[in-house]
$ cat target.csv   # CSV, C-alpha atoms
chain,number,residue,atom,x,y,z
A,71,MET,CA,-31.5,-60.0,42.6
A,72,VAL,CA,-29.1,-58.4,40.1
A,73,ASN,CA,-31.8,-55.9,39.2
A,74,LYS,CA,-32.4,-55.0,42.9
A,75,VAL,CA,-28.6,-54.3,43.4
A,76,TRP,CA,-28.7,-51.9,40.4
A,77,LEU,CA,-31.7,-50.1,41.9
A,78,LEU,CA,-29.8,-49.6,45.1
A,79,VAL,CA,-26.7,-48.1,43.7
A,80,PRO,CA,-28.1,-44.8,42.6
A,81,GLY,CA,-29.9,-44.5,45.9
A,82,LEU,CA,-26.7,-44.9,47.9
A,83,LEU,CA,-24.8,-42.4,45.7
A,84,ILE,CA,-27.6,-39.9,46.3
A,85,ALA,CA,-27.5,-40.5,50.0
A,86,SER,CA,-23.8,-39.9,50.2
A,87,ALA,CA,-24.0,-36.8,48.1
A,88,SER,CA,-26.7,-35.3,50.3
A,89,MET,CA,-24.3,-35.2,53.3
A,90,ALA,CA,-21.3,-33.8,51.5
A,91,ASP,CA,-20.2,-30.3,52.5
A,92,GLY,CA,-20.8,-28.6,49.2
A,93,TYR,CA,-23.4,-28.2,46.5
A,94,GLU,CA,-26.1,-30.8,46.2
A,95,ALA,CA,-26.7,-32.6,42.9
A,96,PHE,CA,-30.4,-33.4,43.5
A,97,ASN,CA,-33.6,-32.1,44.9
A,98,SER,CA,-34.8,-32.7,48.4
A,99,GLU,CA,-38.2,-34.2,48.6
A,100,LYS,CA,-38.9,-33.6,52.2
A,101,GLY,CA,-37.2,-30.3,52.9
A,102,ILE,CA,-39.2,-27.2,53.6
A,103,CYS,CA,-37.6,-25.0,50.9
A,104,LYS,CA,-39.2,-26.9,48.0
A,105,GLY,CA,-41.5,-24.5,46.1
A,106,LYS,CA,-40.1,-21.5,47.9
A,107,VAL,CA,-36.6,-21.0,46.4
A,108,GLU,CA,-35.7,-20.5,42.8
A,109,SER,CA,-33.6,-23.6,42.5
A,110,LEU,CA,-33.0,-26.5,44.9
A,111,GLN,CA,-29.9,-27.3,42.9
A,112,GLU,CA,-28.2,-24.4,44.8
A,113,CYS,CA,-28.8,-26.0,48.2
A,114,ARG,CA,-25.7,-27.0,50.2
A,115,TRP,CA,-24.8,-28.2,53.7
A,116,ILE,CA,-22.8,-25.9,56.0
A,117,GLU,CA,-21.7,-25.9,59.6
A,118,GLY,CA,-23.0,-22.7,61.2
A,119,THR,CA,-24.3,-20.8,64.2
A,120,VAL,CA,-27.9,-19.5,64.0
A,121,SER,CA,-28.9,-16.5,66.2
A,122,ILE,CA,-31.1,-13.5,66.4
A,123,TYR,CA,-29.4,-10.3,65.4
A,124,ASN,CA,-30.4,-6.6,65.7
A,125,GLY,CA,-31.5,-5.2,62.4
A,126,THR,CA,-33.4,-6.8,59.5
A,127,PRO,CA,-33.4,-9.7,58.6
A,128,SER,CA,-33.0,-10.7,62.2
A,129,ILE,CA,-32.2,-14.5,62.0
A,130,ARG,CA,-28.8,-14.9,60.6
A,131,ILE,CA,-26.3,-17.7,60.2
A,132,ARG,CA,-22.5,-17.4,60.7
A,133,GLN,CA,-20.8,-20.0,58.7
A,134,HIS,CA,-18.0,-21.5,60.8
A,135,LYS,CA,-15.4,-22.1,58.2
A,136,SER,CA,-15.7,-18.9,56.2
A,137,LYS,CA,-17.3,-16.6,58.8
A,138,LYS,CA,-19.6,-15.6,56.1
A,139,VAL,CA,-23.0,-14.4,57.3
A,140,TYR,CA,-26.3,-15.4,55.7
A,141,ALA,CA,-29.8,-13.9,56.5
A,142,VAL,CA,-32.7,-16.3,56.8
A,143,GLY,CA,-35.7,-15.0,54.9
A,144,PRO,CA,-38.3,-13.7,54.6
A,145,ALA,CA,-38.0,-11.5,57.7
A,146,GLU,CA,-40.3,-12.5,60.5
A,147,GLN,CA,-41.7,-15.5,58.5
A,148,GLU,CA,-38.4,-17.3,58.2
A,149,TRP,CA,-38.4,-20.5,56.2
A,150,MET,CA,-36.6,-22.9,58.5
A,151,PRO,CA,-37.4,-26.1,60.3
A,152,ASP,CA,-39.7,-25.8,63.3
A,153,GLU,CA,-37.3,-27.8,65.5
A,154,LEU,CA,-34.7,-25.1,64.9
A,155,LYS,CA,-37.0,-22.1,65.2
A,156,SER,CA,-38.7,-23.3,68.3
A,157,LYS,CA,-35.4,-23.6,70.1
A,158,LEU,CA,-34.0,-20.2,69.0
A,159,THR,CA,-34.4,-17.4,71.5
A,160,ILE,CA,-33.1,-13.8,71.9
A,161,ASP,CA,-30.7,-15.1,74.5
A,162,ASN,CA,-29.1,-18.1,72.8
A,163,GLU,CA,-27.4,-19.3,69.7
A,164,ILE,CA,-27.6,-22.7,68.0
A,165,GLN,CA,-24.7,-24.5,66.4
A,166,ALA,CA,-26.0,-26.9,63.7
A,167,HIS,CA,-25.4,-28.7,60.5
A,168,LEU,CA,-27.6,-26.7,58.1
A,169,LYS,CA,-28.8,-27.3,54.6
A,170,ILE,CA,-29.2,-23.8,53.2
A,171,CYS,CA,-30.8,-22.8,49.9
A,172,PRO,CA,-30.5,-19.3,48.4
A,173,ILE,CA,-34.0,-17.9,47.9
A,174,SER,CA,-33.0,-16.1,44.7
A,175,LYS,CA,-30.4,-17.2,42.1
A,176,GLU,CA,-29.6,-13.6,41.4
A,177,LYS,CA,-27.0,-11.9,43.6
A,178,GLN,CA,-29.0,-9.6,46.0
A,179,LYS,CA,-28.0,-6.4,47.7
A,180,GLY,CA,-26.8,-6.9,51.3
A,181,LEU,CA,-26.6,-10.2,53.0
A,182,PRO,CA,-27.4,-13.3,51.0
A,183,VAL,CA,-30.8,-14.5,52.0
A,184,VAL,CA,-31.4,-18.2,52.4
A,185,CYS,CA,-34.0,-20.7,53.4
A,186,ILE,CA,-33.0,-23.5,55.8
A,187,ASP,CA,-34.1,-26.7,54.3
A,188,GLU,CA,-33.0,-29.1,57.0
A,189,SER,CA,-31.0,-28.8,60.2
A,190,LYS,CA,-29.2,-31.1,62.6
A,191,ILE,CA,-28.7,-29.3,65.9
A,192,HIS,CA,-25.3,-29.9,67.6
A,193,ARG,CA,-25.6,-27.5,70.5
A,194,VAL,CA,-27.7,-24.8,72.0
A,195,ILE,CA,-25.7,-22.2,73.8
A,196,GLU,CA,-27.4,-20.0,76.3
A,197,ASN,CA,-26.1,-16.4,76.9
A,198,PRO,CA,-23.1,-16.9,74.6
B,216,MET,CA,-14.7,-5.4,75.2
B,217,ALA,CA,-16.9,-2.3,75.1
B,218,LEU,CA,-17.9,-0.8,71.8
B,219,THR,CA,-16.4,2.6,71.2
B,220,ASP,CA,-18.7,5.5,70.1
B,221,LYS,CA,-17.2,5.3,66.7
B,222,GLU,CA,-18.0,1.6,66.4
B,223,ILE,CA,-21.6,2.3,67.5
B,224,ALA,CA,-21.8,5.1,64.9
B,225,ASN,CA,-20.5,2.6,62.3
B,226,ILE,CA,-23.2,0.0,63.2
B,227,ILE,CA,-25.9,2.7,63.0
B,228,PHE,CA,-24.5,3.9,59.6
B,229,ASN,CA,-24.4,0.3,58.2
B,230,GLU,CA,-28.0,-0.3,59.4
B,231,THR,CA,-29.6,3.0,58.5
B,232,ARG,CA,-27.6,4.6,55.7
B,233,SER,CA,-30.4,3.9,53.2
B,234,LEU,CA,-33.1,5.3,55.4
B,235,SER,CA,-34.4,8.8,55.3
B,236,GLY,CA,-37.4,10.9,56.3
B,237,GLU,CA,-38.8,12.8,59.2
B,238,GLY,CA,-37.7,11.1,62.4
B,239,ILE,CA,-34.6,9.5,61.1
B,240,ASP,CA,-32.4,11.4,63.6
B,241,GLU,CA,-34.6,10.2,66.4
B,242,ALA,CA,-34.5,6.6,65.1
B,243,ARG,CA,-30.7,6.7,65.0
B,244,LYS,CA,-30.6,8.0,68.5
B,245,ASN,CA,-32.9,5.3,69.8
B,246,ILE,CA,-30.8,2.7,68.1
B,247,ALA,CA,-27.7,4.2,69.8
B,248,HIS,CA,-29.5,3.9,73.2
B,249,SER,CA,-30.4,0.3,72.5
B,250,ILE,CA,-26.9,-0.7,71.6
B,251,ILE,CA,-25.5,1.0,74.7
B,252,ASN,CA,-28.2,-0.6,76.9
B,253,ALA,CA,-27.5,-4.0,75.5
B,254,GLN,CA,-23.8,-3.7,76.1
B,255,GLU,CA,-24.4,-2.5,79.6
B,256,SER,CA,-26.9,-5.2,80.5
B,257,ILE,CA,-25.2,-8.2,79.0
B,258,GLY,CA,-21.6,-7.0,79.3
B,259,ARG,CA,-20.6,-7.8,75.7
B,260,ARG,CA,-21.1,-6.6,72.2
B,261,PRO,CA,-24.7,-7.1,71.1
B,262,LYS,CA,-25.3,-9.1,67.9
B,263,THR,CA,-25.3,-6.5,65.1
B,264,GLY,CA,-23.9,-6.0,61.7
B,265,PRO,CA,-20.3,-4.9,61.2
B,266,THR,CA,-18.6,-2.4,63.5
B,267,ILE,CA,-16.5,-1.2,60.6
B,268,ALA,CA,-18.0,1.2,58.0
B,269,HIS,CA,-16.8,2.1,54.6
B,270,VAL,CA,-18.2,5.6,54.0
B,271,PRO,CA,-18.2,6.9,50.5
B,272,ASP,CA,-17.7,10.7,50.1
B,273,GLN,CA,-21.2,11.2,49.0
B,274,GLU,CA,-22.5,9.7,52.3
B,275,SER,CA,-20.3,11.7,54.6
B,276,ASP,CA,-23.3,13.7,55.8
B,277,THR,CA,-25.2,10.6,56.6
B,278,TYR,CA,-22.2,9.2,58.6
B,279,SER,CA,-22.0,12.5,60.5
B,280,ALA,CA,-25.6,12.2,61.4
B,281,CYS,CA,-25.0,8.7,62.8
B,282,ALA,CA,-22.0,10.0,64.9
B,283,GLU,CA,-24.2,12.9,66.1
B,284,ALA,CA,-26.9,10.4,67.1
B,285,VAL,CA,-24.4,8.6,69.4
B,286,THR,CA,-23.3,11.9,70.9
B,287,ALA,CA,-26.9,12.9,71.5
B,288,ALA,CA,-27.6,9.6,73.2
B,289,ARG,CA,-24.6,10.0,75.4
B,290,GLU,CA,-25.7,13.5,76.4
B,291,GLU,CA,-29.2,12.2,77.3
B,292,ARG,CA,-27.7,9.3,79.3
B,293,ALA,CA,-25.6,11.8,81.2
B,294,LYS,CA,-28.9,13.4,82.3
B,295,ARG,CA,-30.3,9.9,83.1
B,296,LEU,CA,-32.6,10.1,80.1
B,297,ASP,CA,-33.3,7.1,77.9
B,298,PRO,CA,-36.3,7.6,75.6
B,299,THR,CA,-36.3,3.9,74.8
B,300,GLY,CA,-36.9,2.9,78.4
B,301,GLY,CA,-34.0,0.5,78.5
B,302,ALA,CA,-34.4,-1.1,75.1
B,303,THR,CA,-31.7,-3.6,74.2
B,304,ASN,CA,-32.7,-4.6,70.6
B,305,PHE,CA,-33.7,-2.9,67.4
B,306,ASN,CA,-35.1,-3.9,64.1
B,307,PHE,CA,-36.8,-2.4,61.0
B,308,ARG,CA,-40.3,-3.5,59.9
B,309,LYS,CA,-42.1,-2.8,56.6
B,310,ASN,CA,-45.2,-1.8,58.5
B,311,ASN,CA,-46.2,-0.2,61.8
B,312,TRP,CA,-47.0,-3.5,63.6
B,313,ARG,CA,-46.4,-3.1,67.3
B,314,GLY,CA,-46.1,-6.7,68.2
B,315,ASP,CA,-43.3,-8.4,70.2
B,316,PHE,CA,-39.9,-9.2,68.8
B,317,TYR,CA,-39.0,-12.7,70.0
B,318,GLY,CA,-40.6,-12.1,73.4
B,319,LEU,CA,-39.3,-8.5,73.7
B,320,LYS,CA,-41.8,-5.6,74.0
B,321,LEU,CA,-41.9,-2.7,71.6
B,322,GLN,CA,-40.3,0.4,73.3
B,323,THR,CA,-40.2,3.0,70.5
B,324,GLN,CA,-41.3,3.2,67.0
B,325,VAL,CA,-40.3,5.8,64.4
B,326,GLY,CA,-41.7,6.0,60.9
B,327,PRO,CA,-42.7,5.9,58.2
B,328,LEU,CA,-39.2,6.2,56.7
B,329,ASP,CA,-38.1,5.8,53.1
B,330,ASN,CA,-35.5,3.3,52.0
B,331,SER,CA,-33.2,4.0,49.0
B,332,TYR,CA,-31.9,0.4,49.1
B,333,PRO,CA,-35.1,-1.6,48.8
B,334,THR,CA,-35.1,-5.4,49.4
B,335,THR,CA,-37.9,-7.9,49.6
B,336,ASP,CA,-37.9,-7.5,53.4
B,337,LEU,CA,-37.6,-3.7,53.4
B,338,PRO,CA,-39.3,-2.0,50.5
B,339,ALA,CA,-38.7,1.6,49.3
B,340,SER,CA,-41.2,3.2,51.7
B,341,ASN,CA,-43.2,2.7,54.9
B,342,ILE,CA,-40.3,1.4,57.0
B,343,TYR,CA,-40.5,1.7,60.7
B,344,ALA,CA,-37.5,1.7,63.0
B,345,ASN,CA,-38.3,0.0,66.3
B,346,THR,CA,-36.5,-0.7,69.6
B,347,TYR,CA,-37.4,-3.5,72.0
B,348,GLY,CA,-36.8,-4.5,75.6
B,349,LYS,CA,-37.9,-6.9,78.3

$ encode --input "target.csv" --output "structure tokens"
Amino acid sequence: MVNKVWLLVPGLLIASASMADGYEAFNSEKGICKGKVESLQECRWIEGTVSIYNGTPSIRIRQHKSKKVYAVGPAEQEWMPDELKSKLTIDNEIQAHLKICPISKEKQKGLPVVCIDESKIHRVIENP
Amino acid sequence: MALTDKEIANIIFNETRSLSGEGIDEARKNIAHSIINAQESIGRRPKTGPTIAHVPDQESDTYSACAEAVTAAREERAKRLDPTGGATNFNFRKNNWRGDFYGLKLQTQVGPLDNSYPTTDLPASNIYANTYGK
């Protein structure tokens, strides 16, 4: 029994860390960015609005707190959950809790380009 | 609130400052039309990059070309001309694929253009500037 409790503790710590608004300290096993980004250690959760912009890359995230804008890459083959992509249209925007991962560790020119590893949709706003 | 012509020129500058080649003036004018069309059809600012531009001295000619593109688009519209056929969106592609953009149909395509600011999505050459509409 004692051994089982000790096995549970690290799991609980990891679960709580995964939902914190900040950098993650572990790799996601089921997210879609695995194998696509340089380091899953850089992934973090943010609150943001996803929408389709003019220009390239087209799918962008506006972070609520900082107003910082991220591009979702690669253009026209965006790495993001199907649930999110299937709901996104040219006429709406989606507010969500998003786990974003920079595709490259190096600072890039222009908008920072990310993969969306996981999403929890709060609201779909038509014709915002 | 409606975008001013200066703000439209700023958007075009931010989006196309790195692009060059035959047809760049036409591409900028088409983008100006699409921004104006979007604003007129949805009654608000279309989703674009910043409406503020920081123009280095060495890019003043490029900025002037963007401002002239807006003026040229306004002049065409005064004559009821719109070469984009009412396009409301634009993007840039790294090939001349003429497919839809999130359900919108291709209205105009200009290219190939060169890109002095290459990225993974938009390499140094063979860039196409497209407009789209319903």

$ atom_distance --input "target.csv" --atom1 "atom CA of B:Arg308" --atom2 "atom CA of A:Gly143"
13.4 Å

$ residues_around --input "target.csv" --residues "B:Pro338" --least-positions-apart "6" --cutoff "8 Å" --atoms "all atoms listed in the file" --output "PDB file with C-alpha atoms, in the coordinates of the input"
ATOM      1  CA  LYS B 309     -42.100  -2.800  56.600  1.00  0.00           C
ATOM      2  CA  ASN B 330     -35.500   3.300  52.000  1.00  0.00           C
ATOM      3  CA  TYR B 332     -31.900   0.400  49.100  1.00  0.00           C
TER       4      TYR B 332
END

$ interface_residues --input "target.csv" --of "chain B" --to "chain A" --cutoff "8 Å" --atoms "all atoms listed in the file" --output "number ranges by chain"
B: 230, 261-264, 304-308, 317-318, 332, 334-336

$ write_last_selection --input "target.csv" --atoms "C-alpha atoms" --output "PDB file, in the frame of the given file"
ATOM      1  CA  GLU B 230     -28.000  -0.300  59.400  1.00  0.00           C
ATOM      2  CA  PRO B 261     -24.700  -7.100  71.100  1.00  0.00           C
ATOM      3  CA  LYS B 262     -25.300  -9.100  67.900  1.00  0.00           C
ATOM      4  CA  THR B 263     -25.300  -6.500  65.100  1.00  0.00           C
ATOM      5  CA  GLY B 264     -23.900  -6.000  61.700  1.00  0.00           C
ATOM      6  CA  ASN B 304     -32.700  -4.600  70.600  1.00  0.00           C
ATOM      7  CA  PHE B 305     -33.700  -2.900  67.400  1.00  0.00           C
ATOM      8  CA  ASN B 306     -35.100  -3.900  64.100  1.00  0.00           C
ATOM      9  CA  PHE B 307     -36.800  -2.400  61.000  1.00  0.00           C
ATOM     10  CA  ARG B 308     -40.300  -3.500  59.900  1.00  0.00           C
ATOM     11  CA  TYR B 317     -39.000 -12.700  70.000  1.00  0.00           C
ATOM     12  CA  GLY B 318     -40.600 -12.100  73.400  1.00  0.00           C
ATOM     13  CA  TYR B 332     -31.900   0.400  49.100  1.00  0.00           C
ATOM     14  CA  THR B 334     -35.100  -5.400  49.400  1.00  0.00           C
ATOM     15  CA  THR B 335     -37.900  -7.900  49.600  1.00  0.00           C
ATOM     16  CA  ASP B 336     -37.900  -7.500  53.400  1.00  0.00           C
TER      17      ASP B 336
END

$ closest_residue --input "target.csv" --among "A:Glu153, A:Glu163, A:Glu148, A:Glu196" --to "A:Val184" --atoms "all atoms listed in the file"
A:Glu148

$ residues_around --input "target.csv" --residues "stretch 186-192 of chain A" --least-positions-apart "5" --cutoff "8 Å" --atoms "all atoms listed in the file" --output "list in words"
Gly101, Ile102, Cys103, Val142, Trp149, Met150, Pro151, Leu154, Ile164, Gln165, Ala166, His167, Leu168, Lys169, Ile170 and Cys171 of chain A

$ atom_distance --input "target.csv" --atom1 "atom CA of B:Glu237" --atom2 "atom CA of A:Leu181"
26.8 Å

$ residues_around --input "target.csv" --residues "B:Ala287" --least-positions-apart "5" --cutoff "9 Å" --atoms "all atoms listed in the file" --output "list in words"
Lys244, Ala247, Ala282 and Arg292 of chain B

$ write_last_selection --input "target.csv" --atoms "C-alpha atoms" --output "mmCIF file, in the frame of the given file"
data_model
loop_
_atom_site.group_PDB
_atom_site.id
_atom_site.type_symbol
_atom_site.label_atom_id
_atom_site.label_comp_id
_atom_site.auth_asym_id
_atom_site.auth_seq_id
_atom_site.Cartn_x
_atom_site.Cartn_y
_atom_site.Cartn_z
ATOM 1 C CA LYS B 244 -30.600 8.000 68.500
ATOM 2 C CA ALA B 247 -27.700 4.200 69.800
ATOM 3 C CA ALA B 282 -22.000 10.000 64.900
ATOM 4 C CA ARG B 292 -27.700 9.300 79.300
#

$ residues_around --input "target.csv" --residues "B:Glu274" --least-positions-apart "6" --cutoff "12 Å" --atoms "all atoms listed in the file" --output "ChimeraX atom specification"
/B:228-229,231-234,268,280-281

$ closest_residue --input "target.csv" --among "A:Ile173, A:Ile131, A:Val194, A:Ala141" --to "A:Lys157" --atoms "all atoms listed in the file"
A:Val194

$ residues_near_point --input "target.csv" --point "(-35.9, 10.5, 57.0)" --cutoff "9 Å" --atoms "only C-alpha atoms" --output "PDB file with C-alpha atoms, in the frame of the given file"
ATOM      1  CA  LEU B 234     -33.100   5.300  55.400  1.00  0.00           C
ATOM      2  CA  SER B 235     -34.400   8.800  55.300  1.00  0.00           C
ATOM      3  CA  GLY B 236     -37.400  10.900  56.300  1.00  0.00           C
ATOM      4  CA  GLU B 237     -38.800  12.800  59.200  1.00  0.00           C
ATOM      5  CA  GLY B 238     -37.700  11.100  62.400  1.00  0.00           C
ATOM      6  CA  ILE B 239     -34.600   9.500  61.100  1.00  0.00           C
ATOM      7  CA  ASP B 240     -32.400  11.400  63.600  1.00  0.00           C
ATOM      8  CA  GLY B 326     -41.700   6.000  60.900  1.00  0.00           C
ATOM      9  CA  PRO B 327     -42.700   5.900  58.200  1.00  0.00           C
ATOM     10  CA  LEU B 328     -39.200   6.200  56.700  1.00  0.00           C
ATOM     11  CA  ASP B 329     -38.100   5.800  53.100  1.00  0.00           C
ATOM     12  CA  ASN B 330     -35.500   3.300  52.000  1.00  0.00           C
TER      13      ASN B 330
END

$ closest_residue --input "target.csv" --among "B:Thr286, B:Ser275, B:Asn341, B:Ser256" --to "B:Gly301" --atoms "all atoms listed in the file"
B:Ser256

$ atom_distance --input "target.csv" --atom1 "atom CA of A:Asn162" --atom2 "atom CA of A:His134"
16.7 Å

$ residues_around --input "target.csv" --residues "A:Lys137" --least-positions-apart "5" --cutoff "12 Å" --atoms "all atoms listed in the file" --output "MDAnalysis selection string"
chainID A and resid 116:119 130:132

$ decode --input "target.csv" --residues "stretch 90-157 of chain A" --atoms "C-alpha atoms" --output "PDB file, in the first residue's frame"
ATOM      1  CA  ALA A  90      -0.462  25.580 -14.851  1.00  0.00           C
ATOM      2  CA  ASP A  91      -0.305  28.747 -16.943  1.00  0.00           C
ATOM      3  CA  GLY A  92       3.383  28.631 -17.684  1.00  0.00           C
ATOM      4  CA  TYR A  93       6.154  26.416 -18.921  1.00  0.00           C
ATOM      5  CA  GLU A  94       5.656  22.696 -18.685  1.00  0.00           C
ATOM      6  CA  ALA A  95       8.195  20.527 -17.007  1.00  0.00           C
ATOM      7  CA  PHE A  96       7.462  17.300 -18.838  1.00  0.00           C
ATOM      8  CA  ASN A  97       6.632  15.899 -22.216  1.00  0.00           C
ATOM      9  CA  SER A  98       3.111  15.288 -23.423  1.00  0.00           C
ATOM     10  CA  GLU A  99       2.590  11.715 -24.565  1.00  0.00           C
ATOM     11  CA  LYS A 100      -0.651  12.223 -26.421  1.00  0.00           C
ATOM     12  CA  GLY A 101      -0.272  15.734 -27.873  1.00  0.00           C
ATOM     13  CA  ILE A 102       0.087  16.237 -31.585  1.00  0.00           C
ATOM     14  CA  CYS A 103       3.312  18.279 -31.444  1.00  0.00           C
ATOM     15  CA  LYS A 104       5.453  15.346 -30.402  1.00  0.00           C
ATOM     16  CA  GLY A 105       8.090  14.729 -33.066  1.00  0.00           C
ATOM     17  CA  LYS A 106       7.245  17.980 -34.835  1.00  0.00           C
ATOM     18  CA  VAL A 107       8.775  20.636 -32.581  1.00  0.00           C
ATOM     19  CA  GLU A 108      12.364  20.947 -31.453  1.00  0.00           C
ATOM     20  CA  SER A 109      11.586  20.694 -27.756  1.00  0.00           C
ATOM     21  CA  LEU A 110       8.395  19.803 -25.938  1.00  0.00           C
ATOM     22  CA  GLN A 111       9.970  21.341 -22.844  1.00  0.00           C
ATOM     23  CA  GLU A 112       9.059  24.744 -24.303  1.00  0.00           C
ATOM     24  CA  CYS A 113       5.323  23.983 -24.427  1.00  0.00           C
ATOM     25  CA  ARG A 114       3.011  26.031 -22.237  1.00  0.00           C
ATOM     26  CA  TRP A 115      -0.655  26.714 -21.665  1.00  0.00           C
ATOM     27  CA  ILE A 116      -2.157  30.064 -22.599  1.00  0.00           C
ATOM     28  CA  GLU A 117      -5.603  31.588 -22.911  1.00  0.00           C
ATOM     29  CA  GLY A 118      -6.064  32.840 -26.443  1.00  0.00           C
ATOM     30  CA  THR A 119      -8.295  33.505 -29.416  1.00  0.00           C
ATOM     31  CA  VAL A 120      -7.667  31.564 -32.608  1.00  0.00           C
ATOM     32  CA  SER A 121      -8.753  32.999 -35.947  1.00  0.00           C
ATOM     33  CA  ILE A 122      -7.936  33.148 -39.636  1.00  0.00           C
ATOM     34  CA  TYR A 123      -6.056  36.258 -40.667  1.00  0.00           C
ATOM     35  CA  ASN A 124      -5.163  37.787 -43.979  1.00  0.00           C
ATOM     36  CA  GLY A 125      -1.528  37.178 -44.845  1.00  0.00           C
ATOM     37  CA  THR A 126       0.702  34.190 -44.203  1.00  0.00           C
ATOM     38  CA  PRO A 127       0.696  32.264 -41.898  1.00  0.00           C
ATOM     39  CA  SER A 128      -3.071  32.631 -41.762  1.00  0.00           C
ATOM     40  CA  ILE A 129      -4.065  30.917 -38.520  1.00  0.00           C
ATOM     41  CA  ARG A 130      -2.966  33.049 -35.616  1.00  0.00           C
ATOM     42  CA  ILE A 131      -3.497  33.140 -31.870  1.00  0.00           C
ATOM     43  CA  ARG A 132      -3.921  36.342 -29.901  1.00  0.00           C
ATOM     44  CA  GLN A 133      -2.943  35.694 -26.309  1.00  0.00           C
ATOM     45  CA  HIS A 134      -5.492  37.294 -24.004  1.00  0.00           C
ATOM     46  CA  LYS A 135      -3.204  38.429 -21.232  1.00  0.00           C
ATOM     47  CA  SER A 136      -0.313  39.843 -23.221  1.00  0.00           C
ATOM     48  CA  LYS A 137      -2.067  40.516 -26.575  1.00  0.00           C
ATOM     49  CA  LYS A 138       0.935  38.809 -28.147  1.00  0.00           C
ATOM     50  CA  VAL A 139       0.204  37.181 -31.504  1.00  0.00           C
ATOM     51  CA  TYR A 140       1.487  33.739 -32.491  1.00  0.00           C
ATOM     52  CA  ALA A 141       1.284  32.099 -35.910  1.00  0.00           C
ATOM     53  CA  VAL A 142       0.279  28.458 -36.150  1.00  0.00           C
ATOM     54  CA  GLY A 143       2.562  26.594 -38.536  1.00  0.00           C
ATOM     55  CA  PRO A 144       3.316  25.342 -41.008  1.00  0.00           C
ATOM     56  CA  ALA A 145       1.135  27.489 -43.260  1.00  0.00           C
ATOM     57  CA  GLU A 146      -1.839  25.592 -44.709  1.00  0.00           C
ATOM     58  CA  GLN A 147      -0.818  22.375 -42.924  1.00  0.00           C
ATOM     59  CA  GLU A 148      -1.185  23.741 -39.431  1.00  0.00           C
ATOM     60  CA  TRP A 149      -0.327  21.426 -36.574  1.00  0.00           C
ATOM     61  CA  MET A 150      -3.322  21.764 -34.303  1.00  0.00           C
ATOM     62  CA  PRO A 151      -6.033  19.507 -32.885  1.00  0.00           C
ATOM     63  CA  ASP A 152      -8.677  18.408 -35.392  1.00  0.00           C
ATOM     64  CA  GLU A 153     -11.427  19.475 -33.014  1.00  0.00           C
ATOM     65  CA  LEU A 154     -10.157  23.035 -33.127  1.00  0.00           C
ATOM     66  CA  LYS A 155      -9.361  23.104 -36.842  1.00  0.00           C
ATOM     67  CA  SER A 156     -12.725  21.678 -37.842  1.00  0.00           C
ATOM     68  CA  LYS A 157     -14.597  24.411 -35.963  1.00  0.00           C
TER      69      LYS A 157
END
